[in-house]
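The structure appears right after this line, and notes come after that.
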Amino acid sequence: SRLDSQRPQWDRLMHLRQVEIASRQKEVTTLVEEERAARSALDMPEREKKRLEERTQQCQDLRAAAATLQRCAQVVEELRAGVRAKEARLLGANSKVSLQAERDQLRTLQEQLGELGREEDAVRTQRDLLAKQQESLRTQLA
């Protein structure tokens, strides 16, 4: 009789052990997996942010290099103008030897200018490519 009065509580305990606890353990496992996935998803934007910051720094470095190349091109243009002025003076003085030396120097400077132009084009191309990649990454993050 005393055991019979305890029977509902015993049945409840057995039910908890067999059904409820197992069910709760499955829920906890699912929640742990969800938490792990959420943490992983949070880490991804951080890595992407760091990569974007590195790309931005590369773009800034390229801008500085492009500015340097532009200054060099200006200097070459100024030197070219100086050579033209000398050539005009020499033509007036009718000195063939000096004129040939000035022409050789002009040719050398023109080759340097061409090389600087190619470098400037390469830097611009690199800068444009990095800007496109950066924009693409921004759109992917958004």
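Residue numbering restarts at 1 for every chain of the structure tokens, chains are lettered A, B, ... in their displayed order, and ligands are numbered from 1 as they appear.
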I'd like the contact shell of Leu141 of chain A - 10 Å cut-off, only C-alpha atoms, skipping same-chain residues fewer than 3 positions apart - returned as a ChimeraX atom specification. /A:44-45,48-49,135-138
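Using only C-alpha atoms, the nearest neighbour of Gly82 of chain A within the list A:Arg118, A:Arg2, A:Arg103, A:Arg127 is A:Arg103.
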Per residue of segment 113-138 of chain A within 8 Å of segment 61-80 of chain A, record the nearest atom pair and its distance in Å to one decimal, counting only C-alpha atoms, with rows in chain order and ascending residue number, as a tab-separated table.
```
residue	atom	partner	partner_atom	distance
A:Leu113	CA	A:Val76	CA	6.4
A:Leu116	CA	A:Leu69	CA	6.7
A:Gly117	CA	A:Ala73	CA	7.5
A:Glu119	CA	A:Leu69	CA	7.7
A:Glu120	CA	A:Leu69	CA	6.0
A:Val123	CA	A:Ala66	CA	6.2
A:Arg124	CA	A:Ala66	CA	7.1
A:Gln126	CA	A:Leu62	CA	7.7
A:Arg127	CA	A:Leu62	CA	6.1
```
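Among the candidates A:Ser23, A:Gln134, A:Gln112, A:Gln140, the residue lying nearest to Arg51 of chain A is A:Gln134 (atoms considered: only C-alpha atoms).
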